[in-house]
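Raw coords_6.pdb, PDB, C-alpha atoms and all ligand atoms:
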ATOM      1  CA  MET A  15     105.908 171.502 103.568
ATOM      2  CA  ALA A  16     109.021 173.132 104.827
ATOM      3  CA  SER A  17     110.310 176.452 103.563
ATOM      4  CA  PHE A  18     113.655 175.812 105.070
ATOM      5  CA  VAL A  19     115.476 172.806 106.438
ATOM      6  CA  LEU A  20     115.488 174.606 109.771
ATOM      7  CA  PHE A  21     111.736 174.380 109.910
ATOM      8  CA  LEU A  22     111.892 170.593 109.565
ATOM      9  CA  HIS A  23     113.860 170.586 112.805
ATOM     10  CA  LEU A  24     111.566 173.117 114.466
ATOM     11  CA  ALA A  25     108.237 171.553 113.587
ATOM     12  CA  ARG A  26     108.339 168.849 116.249
ATOM     13  CA  PRO A  27     109.343 171.157 119.140
ATOM     14  CA  VAL A  28     106.677 173.640 118.033
ATOM     15  CA  GLY A  29     104.098 170.819 118.067
ATOM     16  CA  ASP A  30     105.304 169.752 121.547
ATOM     17  CA  CYS A  31     104.895 173.335 122.834
ATOM     18  CA  LEU A  32     101.394 173.606 121.398
ATOM     19  CA  ARG A  33     100.325 170.417 123.161
ATOM     20  CA  ALA A  34     102.076 171.290 126.445
ATOM     21  CA  GLY A  35      99.797 174.085 127.598
ATOM     22  CA  PRO A  36      96.696 176.158 127.026
ATOM     23  CA  MET A  37      98.320 178.292 124.367
ATOM     24  CA  ARG A  38      96.635 179.511 121.209
ATOM     25  CA  ALA A  39      99.097 180.118 118.435
ATOM     26  CA  ALA A  40      98.384 180.665 114.766
ATOM     27  CA  ILE A  41     100.425 178.146 112.785
ATOM     28  CA  ALA A  42     101.377 178.909 109.198
ATOM     29  CA  SER A  43     103.485 176.804 106.887
ATOM     30  CA  LYS A  44     104.739 177.219 103.350
ATOM     31  CA  PHE A  45     104.771 174.815 100.428
ATOM     32  CA  LEU A  46     108.095 175.130  98.637
ATOM     33  CA  PRO A  47     107.463 174.585  94.945
ATOM     34  CA  PHE A  48     110.145 173.857  92.396
ATOM     35  CA  PRO A  49     110.021 172.469  88.874
ATOM     36  CA  GLY A  50     108.431 169.025  89.060
ATOM     37  CA  ARG A  51     107.027 169.782  92.506
ATOM     38  CA  THR A  52     104.023 171.947  91.852
ATOM     39  CA  SER A  53     101.017 169.626  91.602
ATOM     40  CA  PRO A  54      98.109 169.582  94.074
ATOM     41  CA  ARG A  55      99.218 166.066  95.053
ATOM     42  CA  ARG A  56     102.710 167.318  95.971
ATOM     43  CA  LEU A  57     101.241 170.228  97.910
ATOM     44  CA  MET A  58      98.925 167.929  99.856
ATOM     45  CA  SER A  59     101.654 165.425 100.592
ATOM     46  CA  ALA A  60     103.918 168.243 101.842
ATOM     47  CA  LEU A  61     101.066 169.528 103.996
ATOM     48  CA  ASP A  62     100.534 166.032 105.424
ATOM     49  CA  GLY A  63     104.242 165.885 106.255
ATOM     50  CA  SER A  64     104.068 169.228 108.072
ATOM     51  CA  LEU A  65     100.970 168.203 110.020
ATOM     52  CA  ALA A  66     102.645 164.936 111.045
ATOM     53  CA  ARG A  67     105.773 166.759 112.229
ATOM     54  CA  LEU A  68     103.697 169.309 114.116
ATOM     55  CA  GLY A  69     101.412 166.624 115.535
ATOM     56  CA  LEU A  70      98.365 168.614 114.393
ATOM     57  CA  LYS A  71      95.293 167.819 112.299
ATOM     58  CA  THR A  72      95.050 171.291 110.842
ATOM     59  CA  ILE A  73      97.101 174.464 110.464
ATOM     60  CA  ASP A  74      95.783 178.013 110.284
ATOM     61  CA  LEU A  75      97.418 179.132 107.079
ATOM     62  CA  CYS A  76      98.997 177.248 104.204
ATOM     63  CA  TYR A  77     101.105 179.337 101.810
ATOM     64  CA  VAL A  78     102.697 178.715  98.431
ATOM     65  CA  HIS A  79     106.199 180.065  99.018
ATOM     66  CA  TYR A  80     106.704 181.778  95.649
ATOM     67  CA  PRO A  81     105.580 181.708  92.037
ATOM     68  CA  LEU A  82     107.692 179.827  89.521
ATOM     69  CA  PRO A  83     108.557 180.952  85.995
ATOM     70  CA  LEU A  84     106.662 179.006  83.325
ATOM     71  CA  ILE A  85     104.182 177.667  85.869
ATOM     72  CA  ASP A  86     100.756 179.261  85.808
ATOM     73  CA  VAL A  87     100.022 180.587  89.273
ATOM     74  CA  GLU A  88      96.478 179.306  88.813
ATOM     75  CA  GLY A  89      98.013 175.800  88.920
ATOM     76  CA  PHE A  90      98.592 176.231  92.646
ATOM     77  CA  ALA A  91      94.979 177.131  93.310
ATOM     78  CA  GLU A  92      93.722 173.549  93.060
ATOM     79  CA  GLY A  93      96.101 172.309  95.769
ATOM     80  CA  LEU A  94      95.271 175.245  98.020
ATOM     81  CA  VAL A  95      91.552 174.623  97.587
ATOM     82  CA  GLU A  96      92.067 170.975  98.502
ATOM     83  CA  ALA A  97      94.038 172.009 101.590
ATOM     84  CA  VAL A  98      91.000 173.960 102.822
ATOM     85  CA  LYS A  99      88.297 171.537 101.686
ATOM     86  CA  SER A 100      90.115 168.625 103.359
ATOM     87  CA  GLY A 101      90.106 170.578 106.625
ATOM     88  CA  LYS A 102      93.910 170.473 106.792
ATOM     89  CA  ALA A 103      94.290 174.246 106.475
ATOM     90  CA  ARG A 104      91.872 176.901 107.733
ATOM     91  CA  ALA A 105      93.057 179.459 105.223
ATOM     92  CA  VAL A 106      95.456 179.768 102.330
ATOM     93  CA  GLY A 107      97.908 182.352 101.083
ATOM     94  CA  VAL A 108     100.806 183.020  98.774
ATOM     95  CA  ALA A 109     104.216 184.608  99.217
ATOM     96  CA  ASN A 110     106.275 186.790  96.901
ATOM     97  CA  PHE A 111     103.420 187.041  94.377
ATOM     98  CA  ASN A 112     103.165 190.280  92.429
ATOM     99  CA  ALA A 113      99.856 192.115  92.153
ATOM    100  CA  ASP A 114      98.845 190.453  88.902
ATOM    101  CA  GLN A 115      99.706 186.955  90.154
ATOM    102  CA  MET A 116      97.792 187.672  93.341
ATOM    103  CA  ARG A 117      94.699 188.752  91.466
ATOM    104  CA  ARG A 118      94.810 185.699  89.208
ATOM    105  CA  ILE A 119      95.140 183.152  91.992
ATOM    106  CA  ALA A 120      92.574 184.997  94.146
ATOM    107  CA  ASP A 121      90.152 184.757  91.243
ATOM    108  CA  HIS A 122      90.683 181.000  90.845
ATOM    109  CA  LEU A 123      90.368 180.372  94.556
ATOM    110  CA  ALA A 124      87.197 182.465  94.723
ATOM    111  CA  ARG A 125      85.578 180.297  92.049
ATOM    112  CA  ALA A 126      85.935 177.389  94.487
ATOM    113  CA  GLY A 127      84.630 179.516  97.354
ATOM    114  CA  VAL A 128      88.038 179.869  99.025
ATOM    115  CA  PRO A 129      89.311 183.386  99.776
ATOM    116  CA  LEU A 130      92.962 184.305  99.376
ATOM    117  CA  ALA A 131      93.926 185.229 102.932
ATOM    118  CA  ALA A 132      97.455 186.586 102.621
ATOM    119  CA  ASN A 133     100.368 187.559 100.428
ATOM    120  CA  GLN A 134     103.677 187.481 102.317
ATOM    121  CA  VAL A 135     106.174 189.948 100.865
ATOM    122  CA  ASN A 136     109.348 191.748 101.862
ATOM    123  CA  TYR A 137     108.163 195.021 103.404
ATOM    124  CA  SER A 138     109.799 197.355 105.867
ATOM    125  CA  LEU A 139     110.925 200.970 106.232
ATOM    126  CA  LEU A 140     113.983 199.924 104.216
ATOM    127  CA  ARG A 141     112.025 198.188 101.482
ATOM    128  CA  ARG A 142     108.762 199.827 100.466
ATOM    129  CA  GLU A 143     108.240 198.400  96.986
ATOM    130  CA  ALA A 144     104.890 196.937  98.002
ATOM    131  CA  GLU A 145     103.541 200.487  98.127
ATOM    132  CA  THR A 146     104.472 201.245  94.524
ATOM    133  CA  ASN A 147     104.318 197.899  92.715
ATOM    134  CA  GLY A 148     100.598 197.434  93.281
ATOM    135  CA  VAL A 149     100.787 194.708  95.938
ATOM    136  CA  LEU A 150      99.532 196.853  98.823
ATOM    137  CA  ALA A 151      96.776 198.270  96.616
ATOM    138  CA  ALA A 152      95.728 194.749  95.555
ATOM    139  CA  CYS A 153      95.713 193.616  99.193
ATOM    140  CA  ARG A 154      93.372 196.489 100.044
ATOM    141  CA  GLU A 155      91.123 195.887  97.068
ATOM    142  CA  LEU A 156      90.879 192.094  97.578
ATOM    143  CA  ASP A 157      90.911 192.343 101.379
ATOM    144  CA  VAL A 158      94.010 190.174 101.633
ATOM    145  CA  ALA A 159      96.527 190.516 104.473
ATOM    146  CA  LEU A 160      99.920 191.852 103.433
ATOM    147  CA  VAL A 161     102.128 189.762 105.695
ATOM    148  CA  ALA A 162     105.379 191.736 105.950
ATOM    149  CA  TYR A 163     108.489 189.610 106.181
ATOM    150  CA  PHE A 164     111.856 191.160 107.094
ATOM    151  CA  PRO A 165     109.798 193.887 108.881
ATOM    152  CA  VAL A 166     112.884 195.131 110.709
ATOM    153  CA  GLY A 167     115.051 194.710 107.633
ATOM    154  CA  SER A 168     116.345 191.340 108.814
ATOM    155  CA  GLY A 169     117.809 193.050 111.882
ATOM    156  CA  ARG A 170     119.197 196.141 110.077
ATOM    157  CA  LEU A 171     116.654 198.325 111.891
ATOM    158  CA  THR A 172     117.749 196.972 115.263
ATOM    159  CA  ARG A 173     121.447 197.819 115.173
ATOM    160  CA  PRO A 174     123.722 200.721 114.134
ATOM    161  CA  SER A 175     124.294 201.098 110.418
ATOM    162  CA  ASP A 176     126.962 202.618 108.180
ATOM    163  CA  SER A 177     124.442 203.486 105.482
ATOM    164  CA  LEU A 178     123.440 207.154 105.502
ATOM    165  CA  GLY A 179     119.813 206.422 104.608
ATOM    166  CA  THR A 180     119.417 203.743 107.249
ATOM    167  CA  LYS A 181     121.123 206.011 109.804
ATOM    168  CA  ALA A 182     118.543 208.732 109.114
ATOM    169  CA  VAL A 183     115.695 206.280 109.681
ATOM    170  CA  LEU A 184     117.326 204.901 112.821
ATOM    171  CA  THR A 185     117.807 208.419 114.258
ATOM    172  CA  CYS A 186     114.157 209.249 113.646
ATOM    173  CA  LEU A 187     112.999 205.908 115.103
ATOM    174  CA  ALA A 188     115.245 206.382 118.164
ATOM    175  CA  ASP A 189     113.791 209.857 118.913
ATOM    176  CA  ILE A 190     110.256 208.505 118.743
ATOM    177  CA  ALA A 191     111.190 205.357 120.685
ATOM    178  CA  ARG A 192     112.445 207.544 123.578
ATOM    179  CA  ALA A 193     109.153 209.410 123.702
ATOM    180  CA  HIS A 194     107.241 206.138 124.082
ATOM    181  CA  ASP A 195     109.772 204.377 126.300
ATOM    182  CA  ALA A 196     109.921 201.825 123.512
ATOM    183  CA  SER A 197     112.625 200.251 121.377
ATOM    184  CA  ILE A 198     113.554 201.174 117.820
ATOM    185  CA  SER A 199     112.269 197.844 116.499
ATOM    186  CA  GLN A 200     108.933 198.381 118.261
ATOM    187  CA  VAL A 201     108.562 201.752 116.529
ATOM    188  CA  ALA A 202     109.422 200.186 113.159
ATOM    189  CA  LEU A 203     106.765 197.485 113.681
ATOM    190  CA  ASN A 204     104.245 200.088 114.811
ATOM    191  CA  TRP A 205     104.839 202.126 111.675
ATOM    192  CA  LEU A 206     104.043 199.114 109.483
ATOM    193  CA  MET A 207     100.823 198.434 111.379
ATOM    194  CA  ALA A 208      99.840 202.109 111.189
ATOM    195  CA  ARG A 209     100.615 202.206 107.446
ATOM    196  CA  ASP A 210      97.586 200.106 106.609
ATOM    197  CA  GLY A 211      95.204 197.822 108.466
ATOM    198  CA  HIS A 212      96.009 195.061 105.977
ATOM    199  CA  VAL A 213      99.683 194.942 106.984
ATOM    200  CA  ILE A 214     100.696 192.248 109.485
ATOM    201  CA  PRO A 215     104.422 192.229 110.268
ATOM    202  CA  ILE A 216     106.048 188.913 111.191
ATOM    203  CA  PRO A 217     109.283 189.811 112.954
ATOM    204  CA  GLY A 218     111.768 187.007 113.462
ATOM    205  CA  ALA A 219     112.730 186.578 117.115
ATOM    206  CA  THR A 220     116.016 184.874 117.886
ATOM    207  CA  LYS A 221     115.774 185.516 121.640
ATOM    208  CA  PRO A 222     112.872 185.226 124.103
ATOM    209  CA  HIS A 223     113.073 188.942 124.953
ATOM    210  CA  HIS A 224     112.635 189.765 121.229
ATOM    211  CA  ALA A 225     109.354 187.895 121.242
ATOM    212  CA  MET A 226     108.153 189.805 124.313
ATOM    213  CA  ALA A 227     109.287 193.160 122.896
ATOM    214  CA  ASN A 228     107.610 192.439 119.555
ATOM    215  CA  LEU A 229     104.394 191.568 121.381
ATOM    216  CA  ASP A 230     104.562 194.799 123.412
ATOM    217  CA  ALA A 231     104.677 196.749 120.147
ATOM    218  CA  LEU A 232     100.956 195.983 119.853
ATOM    219  CA  ALA A 233     100.163 197.899 123.044
ATOM    220  CA  TRP A 234     100.483 201.457 121.724
ATOM    221  CA  ARG A 235     100.163 203.477 118.544
ATOM    222  CA  LEU A 236     102.150 206.202 116.801
ATOM    223  CA  SER A 237     100.667 209.665 116.512
ATOM    224  CA  GLU A 238     100.036 210.996 113.014
ATOM    225  CA  THR A 239     102.963 213.419 113.366
ATOM    226  CA  GLU A 240     105.288 210.600 114.374
ATOM    227  CA  PHE A 241     104.038 208.427 111.525
ATOM    228  CA  ASP A 242     104.715 211.223 109.024
ATOM    229  CA  ALA A 243     108.192 211.942 110.396
ATOM    230  CA  ILE A 244     109.177 208.276 109.963
ATOM    231  CA  ASP A 245     107.576 208.218 106.537
ATOM    232  CA  ARG A 246     109.731 211.164 105.443
ATOM    233  CA  ALA A 247     112.926 209.760 106.945
ATOM    234  CA  SER A 248     112.331 206.421 105.246
ATOM    235  CA  ALA A 249     111.660 208.066 101.896
ATOM    236  CA  THR A 250     115.286 209.189 101.841
ATOM    237  CA  VAL A 251     116.600 205.670 102.259
ATOM    238  CA  GLU A 252     118.502 204.420  99.309
ATOM    239  CA  GLN A 253     116.435 201.269  98.821
ATOM    240  CA  GLU A 254     118.932 198.737 100.066
ATOM    241  CA  SER A 255     117.132 195.850  98.535
ATOM    242  CA  GLY A 256     119.978 194.301  96.563
ATOM    243  CA  ALA A 257     121.881 192.930  99.520
ATOM    244  CA  HIS A 258     118.914 190.994 100.817
ATOM    245  CA  ARG A 259     117.399 189.824  97.608
ATOM    246  CA  THR A 260     116.975 186.141  97.230
ATOM    247  CA  PRO A 261     116.629 184.904  93.669
ATOM    248  CA  HIS A 262     113.071 183.684  93.978
ATOM    249  CA  LEU A 263     111.621 186.956  95.198
ATOM    250  CA  HIS A 264     111.487 188.650  91.837
ATOM    251  CA  LEU A 265     110.291 185.966  89.510
TER
HETATM  252  N1  LIG B   1     108.234 184.446 102.401
HETATM  253  C1  LIG B   1     109.530 184.528 102.231
HETATM  254  O1  LIG B   1     110.057 184.354 101.121
HETATM  255  C2  LIG B   1     110.389 184.872 103.409
HETATM  256  C3  LIG B   1     111.739 185.184 103.199
HETATM  257  C4  LIG B   1     112.497 185.511 104.307
HETATM  258  C5  LIG B   1     111.949 185.542 105.591
HETATM  259  N2  LIG B   1     110.630 185.224 105.738
HETATM  260  C6  LIG B   1     110.035 185.217 107.089
HETATM  261  O2  LIG B   1     110.093 186.511 107.643
HETATM  262  C7  LIG B   1     110.180 186.420 109.069
HETATM  263  C8  LIG B   1     111.163 187.413 109.572
HETATM  264  O3  LIG B   1     112.432 187.268 108.949
HETATM  265  P1  LIG B   1     113.759 187.756 109.679
HETATM  266  O4  LIG B   1     113.755 187.222 111.061
HETATM  267  O5  LIG B   1     114.939 187.417 108.853
HETATM  268  O6  LIG B   1     113.641 189.343 109.584
HETATM  269  P2  LIG B   1     113.280 190.492 110.607
HETATM  270  O7  LIG B   1     112.100 190.174 111.443
HETATM  271  O8  LIG B   1     113.255 191.742 109.803
HETATM  272  O9  LIG B   1     114.601 190.549 111.509
HETATM  273  C9  LIG B   1     114.723 189.728 112.637
HETATM  274  C10 LIG B   1     116.031 190.043 113.343
HETATM  275  O10 LIG B   1     115.929 191.303 113.952
HETATM  276  C11 LIG B   1     116.417 191.228 115.266
HETATM  277  N3  LIG B   1     115.270 191.440 116.163
HETATM  278  C12 LIG B   1     114.007 190.988 116.055
HETATM  279  N4  LIG B   1     113.237 191.408 117.068
HETATM  280  C13 LIG B   1     114.044 192.188 117.800
HETATM  281  C14 LIG B   1     113.846 192.919 118.992
HETATM  282  N5  LIG B   1     112.652 192.964 119.581
HETATM  283  N6  LIG B   1     114.889 193.589 119.504
HETATM  284  C15 LIG B   1     116.091 193.568 118.888
HETATM  285  N7  LIG B   1     116.338 192.888 117.751
HETATM  286  C16 LIG B   1     115.320 192.202 117.233
HETATM  287  C17 LIG B   1     117.034 189.878 115.437
HETATM  288  O11 LIG B   1     118.388 189.976 115.055
HETATM  289  P3  LIG B   1     119.577 189.262 115.893
HETATM  290  O12 LIG B   1     119.316 187.792 115.809
HETATM  291  O13 LIG B   1     120.818 189.708 115.164
HETATM  292  O14 LIG B   1     119.505 189.785 117.311
HETATM  293  C18 LIG B   1     116.269 189.037 114.443
HETATM  294  O15 LIG B   1     117.035 187.971 113.968
HETATM  295  C19 LIG B   1     110.499 184.973 109.374
HETATM  296  O16 LIG B   1     109.329 184.392 109.892
HETATM  297  C20 LIG B   1     110.845 184.362 108.039
HETATM  298  O17 LIG B   1     110.406 183.022 107.921
HETATM  299  C21 LIG B   1     109.847 184.914 104.677
END

Could I get this file's structure written as structure tokens?
Amino acid sequence: MASFVLFLHLARPVGDCLRAGPMRAAIASKFLPFPGRTSPRRLMSALDGSLARLGLKTIDLCYVHYPLPLIDVEGFAEGLVEAVKSGKARAVGVANFNADQMRRIADHLARAGVPLAANQVNYSLLRREAETNGVLAACRELDVALVAYFPVGSGRLTRPSDSLGTKAVLTCLADIARAHDASISQVALNWLMARDGHVIPIPGATKPHHAMANLDALAWRLSETEFDAIDRASATVEQESGAHRTPHLHL
């Protein structure tokens, strides 16, 4: 169960850290499906591999990384149910599922008494499709967390940009950041959390101080006026989705 090769290398050190001290961390992992690798048995064996690498008996959240063309999304439900019923995952989710796919798998899981906990999708001030394609609405309706990946646009909201739209957002974020003695990325994360209680951003941290700064973003909230100003600035962004699209995201 490794979304990326990198994670195979990281799983053991993460497991070592978890065992080293009194730290409570929520551990999520993704099952990477591809044609011929979609069955419940393959999902469970991938989950077992992840648990072994992490040195854990259970993880908090087990995702299916994305839907596949020609494979019924319901087909993944059985494996996810088994992950929970076996005690190897506390909760289950999906990633890159559209609203219809989400509803269908949530329905199948519910029949087995397992709630769909999360749908992880690309969502940031530079990429707001989730608000218009029905995913955010479905998350609200089904009470599913919208886990926002690329919440700072894969770093584009943390550094100067040549794009006019991104510049406008960055200028607005910088003004508000100054008022809160915060960083631009902290304001961007705060906006996502203020947007809806179902949104949980998962910023990537490549440096220890990123992790601390991202954590500090939880300590304060935007005012309504600030929220609206960012909302308006972001609405002018030419949706720069193409550059960061990966083929599987729009199946
Ligand atoms: N489900 C999926 O299909 C999927 C796809 C892609 C990603 N994801 C997940 O999404 C998460 C985030 O992805 P991501 O890391 O590419 O995107 P991101 O969180 O939007 O961007 C992270 C980048 O922003 C910069 N950054 C983060 N925190 C910062 C801070 N406090 N101050 C300054 N700069 C900061 C760093 O850039 P520098 O390194 O340049 O400093 C970091 O690499 C990951 O957990 C990833 O696994 C999921």

Residues within 10 Å of (110.4, 194.7, 122.2), counting only C-alpha atoms, listed as a PDB file with C-alpha atoms, in the frame of the given file:
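After the write, out_38.pdb holds the following:
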ATOM      1  CA  ALA A 196     109.921 201.825 123.512  1.00  0.00           C
ATOM      2  CA  SER A 197     112.625 200.251 121.377  1.00  0.00           C
ATOM      3  CA  ILE A 198     113.554 201.174 117.820  1.00  0.00           C
ATOM      4  CA  SER A 199     112.269 197.844 116.499  1.00  0.00           C
ATOM      5  CA  GLN A 200     108.933 198.381 118.261  1.00  0.00           C
ATOM      6  CA  VAL A 201     108.562 201.752 116.529  1.00  0.00           C
ATOM      7  CA  LEU A 203     106.765 197.485 113.681  1.00  0.00           C
ATOM      8  CA  ALA A 219     112.730 186.578 117.115  1.00  0.00           C
ATOM      9  CA  PRO A 222     112.872 185.226 124.103  1.00  0.00           C
ATOM     10  CA  HIS A 223     113.073 188.942 124.953  1.00  0.00           C
ATOM     11  CA  HIS A 224     112.635 189.765 121.229  1.00  0.00           C
ATOM     12  CA  ALA A 225     109.354 187.895 121.242  1.00  0.00           C
ATOM     13  CA  MET A 226     108.153 189.805 124.313  1.00  0.00           C
ATOM     14  CA  ALA A 227     109.287 193.160 122.896  1.00  0.00           C
ATOM     15  CA  ASN A 228     107.610 192.439 119.555  1.00  0.00           C
ATOM     16  CA  LEU A 229     104.394 191.568 121.381  1.00  0.00           C
ATOM     17  CA  ASP A 230     104.562 194.799 123.412  1.00  0.00           C
ATOM     18  CA  ALA A 231     104.677 196.749 120.147  1.00  0.00           C
ATOM     19  CA  LEU A 232     100.956 195.983 119.853  1.00  0.00           C
TER      20      LEU A 232
END

Legend entry - Residue neighbourhood range 34-48 of chain A, 10 Å, only C-alpha atoms, exclusion window fewer than 6 positions, as a ChimeraX atom specification: /A:15-18,21,25,28,56-61,64-65,68,70,72-83,85,90,94,103-109

Inset, instruction - With all atoms listed in the file counted, which protein, DNA or RNA residues have an atom no more than 9 Å from (112.7, 186.2, 109.2) in the file frame? Please answer as a PyMOL selection string. - result: chain A and resi 163-165+167-169+216-219

Legend entry - Nearest residue to Leu171 in chain A from the set A:Asn136, A:Thr185, A:Asp195, A:Ala152 (distances using all atoms listed in the file):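 Looking at the shortest contact to Leu171 in chain A, the residue is A:Thr185.
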
Inset, instruction - Tell me which of A:Pro49, A:Gly179, A:Pro174, A:Gly211 sits closest to ligand LIG 1 (chain B), counting all atoms listed in the file. - result: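 Using all atoms listed in the file, ligand LIG 1 (chain B) sits closest to A:Pro174.
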
Legend entry - Spatial neighbours of Ala249 in chain A, max dist 9 Å, all atoms listed in the file, sep filter under 3 positions, as a list in words: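 My list of contacting residues is Leu139, Leu140, Arg142, Gly179, Val183, Ile244, Asp245, Arg246, Glu252 and Gln253 of chain A.
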
Legend entry - Nearest candidate to Asn147 in chain A (options A:Asp176, A:Asp242, A:Asp114, A:Asp121; using all atoms listed in the file):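 The closest residue to Asn147 in chain A is A:Asp114.
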
Inset, instruction - One decimal, Å: what's the distance from atom P2 of ligand LIG 1 (chain B) over to CA of Ala91 in chain A, could you say? - result: 28.5 Å

Inset, instruction - With a distance cut-off of 8 Å and only C-alpha atoms, select the neighbouring residues of range 127-133 of chain A, excluding the residue or stretch itself and same-chain residues fewer than 3 positions from it, and output the selection as a ChimeraX atom specification. - result: /A:95,98,105-111,116,119-120,123-124,153,157-161

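Using only C-alpha atoms, the protein and nucleic acid residues lying no more than 10 Å from Lys181 in chain A, apart from those fewer than 6 places from it along its own chain, are Leu171, Arg173, Pro174, Ser175, Leu187, Ala247, Ser248 and Val251 of chain A.
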
Find the axis-aligned box for ligand LIG 1 (chain B), covering all its listed atoms and adding 3 Å on each side, and write its centre and edge lengths in Å to one decimal as AutoDock Vina command-line options.
--center_x 114.5 --center_y 188.3 --center_z 110.4 --size_x 18.6 --size_y 16.6 --size_z 24.5

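Among A:Leu206, A:Arg118, A:Arg192, A:Asn112, the residue with the shortest atom-to-atom distance to Arg141 in chain A, counting only C-alpha atoms, is A:Leu206.
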
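Between CA of Thr250 in chain A and CA of Arg209 in chain A the interatomic distance comes to 17.2 Å.
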
Inset, instruction - Could you tell me how far atom C19 of ligand LIG 1 (chain B) lies from CA of Trp205 in chain A, in Å and to one decimal? - result: 18.2 Å

Inset, instruction - For the file shown, report as a PyMOL selection string the outcome of the PyMOL selection byres (((chain A and resi 237) around 12) and not hetatm) at residue level. - result: chain A and resi 190+193-194+201+204-205+208-209+234-236+238-244
